[in-house]
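Visitor: If it helps, the file is called target_32.cif and holds mmCIF, C-alpha atoms:
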data_model
#
loop_
_atom_site.group_PDB
_atom_site.id
_atom_site.type_symbol
_atom_site.label_atom_id
_atom_site.label_comp_id
_atom_site.auth_asym_id
_atom_site.auth_seq_id
_atom_site.Cartn_x
_atom_site.Cartn_y
_atom_site.Cartn_z
ATOM 1 C CA MET A 11 9.200 23.719 15.829
ATOM 2 C CA ILE A 12 11.127 26.682 14.405
ATOM 3 C CA PRO A 13 13.156 25.455 11.425
ATOM 4 C CA ARG A 14 16.889 25.938 11.209
ATOM 5 C CA ALA A 15 16.749 27.863 7.936
ATOM 6 C CA PHE A 16 20.095 29.291 6.863
ATOM 7 C CA ALA A 17 21.575 30.875 3.761
ATOM 8 C CA ASP A 18 25.206 30.000 4.571
ATOM 9 C CA GLY A 19 26.960 26.693 4.018
ATOM 10 C CA GLN A 20 26.825 25.261 7.564
ATOM 11 C CA PRO A 21 23.270 23.810 7.412
ATOM 12 C CA LEU A 22 23.958 22.469 3.931
ATOM 13 C CA THR A 23 26.948 20.579 5.319
ATOM 14 C CA ARG A 24 24.907 19.291 8.251
ATOM 15 C CA ALA A 25 22.062 18.180 5.990
ATOM 16 C CA ARG A 26 24.558 16.537 3.658
ATOM 17 C CA ASP A 27 26.022 14.564 6.565
ATOM 18 C CA TRP A 28 22.591 13.468 7.785
ATOM 19 C CA ILE A 29 21.715 12.179 4.331
ATOM 20 C CA ALA A 30 25.073 10.471 3.839
ATOM 21 C CA ASN A 31 24.688 8.582 7.107
ATOM 22 C CA ALA A 32 21.004 7.744 6.699
ATOM 23 C CA ASN A 33 20.028 4.104 6.744
ATOM 24 C CA HIS A 34 16.917 4.920 4.726
ATOM 25 C CA LEU A 35 16.327 8.227 2.938
ATOM 26 C CA PHE A 36 12.749 9.107 1.995
ATOM 27 C CA VAL A 37 12.393 11.753 -0.722
ATOM 28 C CA LEU A 38 9.241 13.632 -1.718
ATOM 29 C CA THR A 39 9.374 15.896 -4.780
ATOM 30 C CA GLY A 40 6.864 18.402 -6.079
ATOM 31 C CA ALA A 41 6.218 20.791 -8.934
ATOM 32 C CA GLY A 42 9.208 22.998 -8.156
ATOM 33 C CA VAL A 43 11.604 20.298 -9.359
ATOM 34 C CA SER A 44 9.794 19.991 -12.691
ATOM 35 C CA ALA A 45 9.472 23.758 -13.083
ATOM 36 C CA GLU A 46 13.263 24.007 -13.197
ATOM 37 C CA SER A 47 13.135 21.753 -16.275
ATOM 38 C CA GLY A 48 10.652 24.060 -17.936
ATOM 39 C CA VAL A 49 7.615 21.863 -17.357
ATOM 40 C CA PRO A 50 4.635 24.233 -17.555
ATOM 41 C CA THR A 51 2.111 24.373 -14.754
ATOM 42 C CA PHE A 52 -1.586 23.958 -15.483
ATOM 43 C CA ARG A 53 -1.933 27.714 -15.932
ATOM 44 C CA ASP A 54 1.222 28.118 -17.993
ATOM 45 C CA SER A 55 0.129 25.404 -20.418
ATOM 46 C CA GLN A 56 -3.023 27.315 -21.342
ATOM 47 C CA THR A 57 -1.668 28.961 -24.483
ATOM 48 C CA GLY A 58 -3.048 29.479 -27.965
ATOM 49 C CA LEU A 59 -6.383 27.760 -28.516
ATOM 50 C CA TRP A 60 -6.388 26.506 -24.923
ATOM 51 C CA SER A 61 -6.130 29.942 -23.310
ATOM 52 C CA ARG A 62 -9.925 30.244 -23.073
ATOM 53 C CA TYR A 63 -10.275 27.082 -20.986
ATOM 54 C CA ASP A 64 -9.936 26.782 -17.221
ATOM 55 C CA PRO A 65 -7.599 23.814 -16.589
ATOM 56 C CA THR A 66 -9.262 23.044 -13.271
ATOM 57 C CA GLN A 67 -12.472 22.482 -15.218
ATOM 58 C CA LEU A 68 -10.794 20.151 -17.715
ATOM 59 C CA ALA A 69 -8.951 17.852 -15.299
ATOM 60 C CA THR A 70 -12.070 16.305 -13.777
ATOM 61 C CA PRO A 71 -14.052 13.089 -14.297
ATOM 62 C CA ALA A 72 -17.152 15.164 -15.073
ATOM 63 C CA ALA A 73 -15.379 17.065 -17.849
ATOM 64 C CA PHE A 74 -14.156 13.826 -19.424
ATOM 65 C CA GLU A 75 -17.607 12.266 -19.316
ATOM 66 C CA ARG A 76 -19.176 15.421 -20.737
ATOM 67 C CA ASP A 77 -16.667 15.962 -23.562
ATOM 68 C CA PRO A 78 -14.039 13.189 -23.727
ATOM 69 C CA GLY A 79 -12.608 14.476 -26.997
ATOM 70 C CA LEU A 80 -11.877 17.918 -25.577
ATOM 71 C CA VAL A 81 -10.109 16.541 -22.498
ATOM 72 C CA TRP A 82 -8.222 13.959 -24.582
ATOM 73 C CA GLN A 83 -6.943 16.654 -26.951
ATOM 74 C CA TRP A 84 -5.957 18.900 -24.060
ATOM 75 C CA TYR A 85 -3.857 16.128 -22.547
ATOM 76 C CA ALA A 86 -2.268 15.493 -25.937
ATOM 77 C CA HIS A 87 -1.297 19.184 -25.881
ATOM 78 C CA ARG A 88 0.099 18.864 -22.359
ATOM 79 C CA ARG A 89 2.067 15.749 -23.263
ATOM 80 C CA GLU A 90 3.634 17.569 -26.181
ATOM 81 C CA LEU A 91 4.724 20.427 -23.904
ATOM 82 C CA VAL A 92 6.145 18.094 -21.255
ATOM 83 C CA GLN A 93 8.018 15.981 -23.813
ATOM 84 C CA ARG A 94 10.113 19.019 -24.677
ATOM 85 C CA ALA A 95 11.436 19.204 -21.109
ATOM 86 C CA GLN A 96 14.578 17.387 -20.029
ATOM 87 C CA PRO A 97 15.616 16.143 -16.565
ATOM 88 C CA ASN A 98 17.683 18.690 -14.671
ATOM 89 C CA ALA A 99 20.585 18.396 -12.249
ATOM 90 C CA ALA A 100 18.233 17.629 -9.347
ATOM 91 C CA HIS A 101 16.737 14.637 -11.163
ATOM 92 C CA PHE A 102 20.176 13.298 -12.039
ATOM 93 C CA ALA A 103 21.530 13.813 -8.507
ATOM 94 C CA LEU A 104 18.665 11.777 -7.042
ATOM 95 C CA ALA A 105 19.104 9.036 -9.639
ATOM 96 C CA ALA A 106 22.847 8.784 -8.960
ATOM 97 C CA TRP A 107 22.335 8.644 -5.183
ATOM 98 C CA HIS A 108 19.705 5.935 -5.510
ATOM 99 C CA LYS A 109 22.211 3.624 -7.202
ATOM 100 C CA HIS A 110 24.441 3.538 -4.111
ATOM 101 C CA LYS A 111 22.238 4.121 -1.060
ATOM 102 C CA ARG A 112 18.889 2.933 0.284
ATOM 103 C CA MET A 113 16.348 5.506 -0.816
ATOM 104 C CA THR A 114 12.638 5.690 -1.579
ATOM 105 C CA LEU A 115 11.572 8.374 -4.041
ATOM 106 C CA ALA A 116 7.950 9.522 -4.148
ATOM 107 C CA THR A 117 6.796 12.328 -6.406
ATOM 108 C CA GLN A 118 3.696 14.436 -6.886
ATOM 109 C CA ASN A 119 4.791 15.104 -10.472
ATOM 110 C CA VAL A 120 3.269 13.278 -13.435
ATOM 111 C CA ASP A 121 5.911 14.109 -16.056
ATOM 112 C CA GLY A 122 8.101 10.997 -15.733
ATOM 113 C CA LEU A 123 11.310 13.047 -15.539
ATOM 114 C CA HIS A 124 12.672 11.085 -12.567
ATOM 115 C CA ALA A 125 12.509 7.854 -14.567
ATOM 116 C CA ARG A 126 14.038 9.542 -17.605
ATOM 117 C CA ALA A 127 16.950 10.623 -15.403
ATOM 118 C CA GLY A 128 17.528 7.015 -14.366
ATOM 119 C CA SER A 129 15.640 6.684 -11.078
ATOM 120 C CA ALA A 130 14.105 3.249 -10.628
ATOM 121 C CA SER A 131 10.948 2.308 -8.729
ATOM 122 C CA VAL A 132 9.617 5.860 -8.455
ATOM 123 C CA ILE A 133 6.358 6.095 -6.505
ATOM 124 C CA GLU A 134 4.164 8.309 -8.689
ATOM 125 C CA LEU A 135 1.535 9.495 -6.232
ATOM 126 C CA HIS A 136 -0.518 11.423 -8.789
ATOM 127 C CA GLY A 137 0.018 9.071 -11.725
ATOM 128 C CA ASN A 138 1.868 9.469 -15.008
ATOM 129 C CA LEU A 139 0.908 11.719 -17.893
ATOM 130 C CA PHE A 140 2.251 9.252 -20.450
ATOM 131 C CA VAL A 141 0.325 6.223 -19.181
ATOM 132 C CA ASP A 142 -3.319 5.516 -20.013
ATOM 133 C CA ARG A 143 -5.998 3.538 -18.219
ATOM 134 C CA TRP A 144 -9.679 2.761 -18.585
ATOM 135 C CA HIS A 145 -12.191 5.234 -17.184
ATOM 136 C CA ARG A 146 -14.837 3.276 -15.271
ATOM 137 C CA GLY A 147 -14.521 0.217 -17.478
ATOM 138 C CA CYS A 148 -16.311 -3.106 -17.222
ATOM 139 C CA GLY A 149 -13.303 -4.942 -15.796
ATOM 140 C CA ARG A 150 -12.913 -6.944 -18.991
ATOM 141 C CA CYS A 151 -11.598 -4.052 -21.052
ATOM 142 C CA ALA A 152 -8.410 -4.929 -22.898
ATOM 143 C CA THR A 153 -6.079 -2.859 -25.007
ATOM 144 C CA LYS A 154 -6.667 -5.086 -28.007
ATOM 145 C CA LEU A 155 -10.387 -4.265 -27.813
ATOM 146 C CA ALA A 156 -9.791 -0.534 -27.795
ATOM 147 C CA GLU A 157 -10.243 1.329 -31.020
ATOM 148 C CA PRO A 158 -10.270 5.013 -31.955
ATOM 149 C CA VAL A 159 -13.805 6.299 -32.400
ATOM 150 C CA GLY A 160 -12.879 9.375 -34.387
ATOM 151 C CA GLU A 161 -10.102 11.882 -34.844
ATOM 152 C CA GLY A 162 -9.165 13.505 -31.545
ATOM 153 C CA GLN A 163 -11.255 11.039 -29.542
ATOM 154 C CA PRO A 164 -9.961 8.575 -26.899
ATOM 155 C CA PRO A 165 -10.052 4.858 -27.770
ATOM 156 C CA GLN A 166 -13.147 3.028 -26.606
ATOM 157 C CA CYS A 167 -13.859 -0.498 -25.346
ATOM 158 C CA LYS A 168 -15.962 -2.450 -27.829
ATOM 159 C CA THR A 169 -17.616 -4.375 -25.021
ATOM 160 C CA CYS A 170 -18.801 -1.712 -22.578
ATOM 161 C CA GLY A 171 -18.061 1.602 -24.280
ATOM 162 C CA ALA A 172 -15.584 2.749 -21.632
ATOM 163 C CA ARG A 173 -12.920 5.144 -22.847
ATOM 164 C CA VAL A 174 -9.187 5.336 -22.320
ATOM 165 C CA ARG A 175 -7.983 8.284 -20.231
ATOM 166 C CA PRO A 176 -4.665 9.561 -18.882
ATOM 167 C CA ALA A 177 -3.625 7.681 -15.736
ATOM 168 C CA VAL A 178 -3.365 10.801 -13.602
ATOM 169 C CA VAL A 179 -5.301 11.919 -10.550
ATOM 170 C CA TRP A 180 -7.972 14.432 -11.461
ATOM 171 C CA PHE A 181 -9.603 17.009 -9.207
ATOM 172 C CA GLY A 182 -12.152 15.274 -7.027
ATOM 173 C CA GLU A 183 -10.396 11.895 -7.213
ATOM 174 C CA SER A 184 -8.514 10.110 -4.452
ATOM 175 C CA LEU A 185 -4.889 9.105 -4.776
ATOM 176 C CA PRO A 186 -4.362 5.483 -5.834
ATOM 177 C CA GLU A 187 -4.279 3.530 -2.586
ATOM 178 C CA GLN A 188 -1.315 1.262 -3.294
ATOM 179 C CA PRO A 189 1.279 3.947 -4.208
ATOM 180 C CA PHE A 190 0.262 6.163 -1.299
ATOM 181 C CA ARG A 191 0.404 3.304 1.203
ATOM 182 C CA LYS A 192 3.832 2.344 -0.127
ATOM 183 C CA ALA A 193 5.007 5.936 0.361
ATOM 184 C CA GLN A 194 3.563 6.043 3.883
ATOM 185 C CA ASP A 195 5.345 2.834 4.821
ATOM 186 C CA ALA A 196 8.652 4.134 3.453
ATOM 187 C CA ALA A 197 8.288 7.458 5.262
ATOM 188 C CA ALA A 198 7.582 5.647 8.535
ATOM 189 C CA VAL A 199 10.825 3.640 8.423
ATOM 190 C CA SER A 200 13.079 6.426 7.161
ATOM 191 C CA ASP A 201 15.558 8.233 9.367
ATOM 192 C CA VAL A 202 15.885 11.245 7.044
ATOM 193 C CA CYS A 203 13.093 12.786 4.967
ATOM 194 C CA LEU A 204 14.095 15.122 2.126
ATOM 195 C CA VAL A 205 11.286 17.299 0.732
ATOM 196 C CA ILE A 206 12.011 19.153 -2.503
ATOM 197 C CA GLY A 207 10.056 21.738 -4.455
ATOM 198 C CA THR A 208 6.623 21.329 -2.911
ATOM 199 C CA SER A 209 4.392 23.883 -1.230
ATOM 200 C CA GLY A 210 3.055 21.400 1.293
ATOM 201 C CA MET A 211 -0.509 22.391 0.429
ATOM 202 C CA VAL A 212 -1.615 19.361 -1.615
ATOM 203 C CA TYR A 213 -2.909 16.573 0.605
ATOM 204 C CA PRO A 214 -2.628 13.751 1.381
ATOM 205 C CA ALA A 215 0.891 13.756 -0.110
ATOM 206 C CA ALA A 216 1.838 16.768 2.021
ATOM 207 C CA ALA A 217 1.279 14.663 5.149
ATOM 208 C CA LEU A 218 4.139 12.286 4.311
ATOM 209 C CA PRO A 219 6.896 14.430 5.928
ATOM 210 C CA THR A 220 4.788 14.509 9.100
ATOM 211 C CA VAL A 221 4.584 10.710 9.033
ATOM 212 C CA ALA A 222 8.371 10.570 8.779
ATOM 213 C CA ALA A 223 8.873 13.097 11.599
ATOM 214 C CA GLU A 224 6.429 11.307 13.898
ATOM 215 C CA HIS A 225 8.520 8.164 13.511
ATOM 216 C CA GLY A 226 11.740 9.953 14.401
ATOM 217 C CA ALA A 227 13.094 11.071 11.021
ATOM 218 C CA ARG A 228 14.905 14.355 10.527
ATOM 219 C CA VAL A 229 13.144 16.489 7.917
ATOM 220 C CA ILE A 230 15.059 18.602 5.390
ATOM 221 C CA VAL A 231 13.153 20.978 3.097
ATOM 222 C CA VAL A 232 14.660 22.361 -0.118
ATOM 223 C CA ASN A 233 12.587 25.113 -1.699
ATOM 224 C CA PRO A 234 13.444 28.616 -2.961
ATOM 225 C CA GLU A 235 10.342 30.018 -1.242
ATOM 226 C CA ARG A 236 8.708 29.523 2.130
ATOM 227 C CA SER A 237 6.241 26.664 2.370
ATOM 228 C CA ASP A 238 3.745 25.186 4.802
ATOM 229 C CA LEU A 239 6.312 22.505 5.661
ATOM 230 C CA ASP A 240 8.992 24.846 6.985
ATOM 231 C CA HIS A 241 7.888 24.913 10.619
ATOM 232 C CA ASP A 242 7.970 21.135 10.902
ATOM 233 C CA ALA A 243 11.413 20.870 9.312
ATOM 234 C CA ASP A 244 14.738 20.442 11.078
ATOM 235 C CA ILE A 245 16.580 22.272 8.308
ATOM 236 C CA VAL A 246 15.205 24.461 5.513
ATOM 237 C CA LEU A 247 17.424 25.324 2.550
ATOM 238 C CA TYR A 248 15.965 28.180 0.538
ATOM 239 C CA ARG A 249 17.545 27.164 -2.740
ATOM 240 C CA LYS A 250 16.518 25.836 -6.131
ATOM 241 C CA ALA A 251 16.639 22.070 -6.421
ATOM 242 C CA ALA A 252 18.951 21.926 -9.448
ATOM 243 C CA GLU A 253 21.459 24.135 -7.628
ATOM 244 C CA CYS A 254 21.220 22.488 -4.216
ATOM 245 C CA LEU A 255 20.877 18.755 -4.801
ATOM 246 C CA PRO A 256 24.199 18.142 -6.578
ATOM 247 C CA MET A 257 25.871 19.584 -3.448
ATOM 248 C CA LEU A 258 23.514 17.941 -0.973
ATOM 249 C CA LEU A 259 23.688 14.515 -2.597
ATOM 250 C CA ALA A 260 27.409 14.282 -3.092
ATOM 251 C CA ASN A 261 28.898 10.943 -4.068
ATOM 252 C CA PRO A 262 28.226 8.711 -1.042
ATOM 253 C CA TYR A 263 31.725 7.247 -1.227
ATOM 254 C CA ASP A 264 33.251 10.732 -1.149
ATOM 255 C CA VAL A 265 31.147 11.591 1.903
ATOM 256 C CA ALA A 266 32.120 8.410 3.698
ATOM 257 C CA ALA A 267 35.785 9.169 3.127
ATOM 258 C CA SER A 268 35.615 12.787 4.291
#
Can you turn what I pasted into structure tokens?
Guide:
Amino acid sequence: MIPRAFADGQPLTRARDWIANANHLFVLTGAGVSAESGVPTFRDSQTGLWSRYDPTQLATPAAFERDPGLVWQWYAHRRELVQRAQPNAAHFALAAWHKHKRMTLATQNVDGLHARAGSASVIELHGNLFVDRWHRGCGRCATKLAEPVGEGQPPQCKTCGARVRPAVVWFGESLPEQPFRKAQDAAAVSDVCLVIGTSGMVYPAAALPTVAAEHGARVIVVNPERSDLDHDADIVLYRKAAECLPMLLANPYDVAAS
């Protein structure tokens, strides 16, 4: 399908009407939304002492098992960078819409900015940078049993020796089954799918708009650059999320009255 990609206001108005009249809106956000808040990408976060490390070689189970202290410290550095960022107009527009209309929000981002903007029940497909979990623990690991094993080292279970790690998806790992299934189910029952700031290259999350389309949903893509999702979209808006979403997600009561 050739997308209806326009620069003028007509497709924006049409997309706005589709969303306003949707019984169930499914939203998928990617790194582009966070980038507009100044959240650094993997590459951009490699500054100072970290510039000599390849981030794709740090964000792996093997790297953590080989040198848990190094990976733990790198994520502490990343958390510090992300904490400086603030939700932008796109985050707030989605949060405001969610309060009035039926919407499911799934994100590939791990920065927690959607929740900080006020969105509830966000499906975090790739995890959350500010949440920890046990790495291959014994099943009896408990927070109260965890203790630091040295400066710059992740806490460790006294029982089995497992270590605490960031609850994010690393290279070579599968997405957590429950969040992804929940997102699939929501996409399948939506009548409009809004995809924002993602290249469409990271699977399986990139397949969610296809799931929505196969079940009859109209697909709207918002991205300043072309993406792999454009040809399966009904409308493509080549705009930045923080600029476009406040217009696209107007107050639902205003839309209903217009």
Visitor: Going by the chain IDs and residue numbers used in this file, which residues fall under the PyMOL selection byres ((chain A and resi 217-234) around 6)? Write them as a list in words.
Guide: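 Selected by the PyMOL selection byres ((chain A and resi 217-234) around 6) here: Ala197, Ala198, Asp201, Val202, Cys203, Leu204, Val205, Ile206, Gly207, Pro214, Ala215, Ala216, Glu235, Ala243, Asp244, Ile245, Val246, Leu247, Tyr248, Arg249 and Lys250 of chain A.
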Visitor: Name the residues in contact with Arg26 (chain A) at a cut-off of 8 Å, using all atoms listed in the file, excluding same-chain residues fewer than 3 positions from it; report them as a ChimeraX atom specification.
Guide: /A:22-23,29-30,257-260
Visitor: Give as a list in words the residues that the PyMOL selection byres ((chain A and resi 145) around 7) matches when applied to the coordinates above.
Guide: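 Checking the PyMOL selection byres ((chain A and resi 145) around 7) against this file, the residues are Arg143, Trp144, Arg146, Gly147, Ala172, Arg173, Val174 and Arg175 of chain A.
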Visitor: Could the residues in this selection be written to a file with C-alpha atoms, as a CSV table (one decimal), in the frame of the given file?
Guide:
chain,number,residue,atom,x,y,z
A,143,ARG,CA,-6.0,3.5,-18.2
A,144,TRP,CA,-9.7,2.8,-18.6
A,146,ARG,CA,-14.8,3.3,-15.3
A,147,GLY,CA,-14.5,0.2,-17.5
A,172,ALA,CA,-15.6,2.7,-21.6
A,173,ARG,CA,-12.9,5.1,-22.8
A,174,VAL,CA,-9.2,5.3,-22.3
A,175,ARG,CA,-8.0,8.3,-20.2
Visitor: For the file shown, report as a PyMOL selection string the outcome of the PyMOL selection byres ((chain A and resi 184-190) around 9) at residue level.
Guide: chain A and resi 116+133-137+179-183+191-195+214-215
Visitor: May I have the residues within 6 Å of Asn119 (chain A) as a list in words, using only C-alpha atoms and disregarding those fewer than 2 positions away in the same chain?
Guide: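 Answer for this query is Gly40, Thr117 and Asp121 of chain A.
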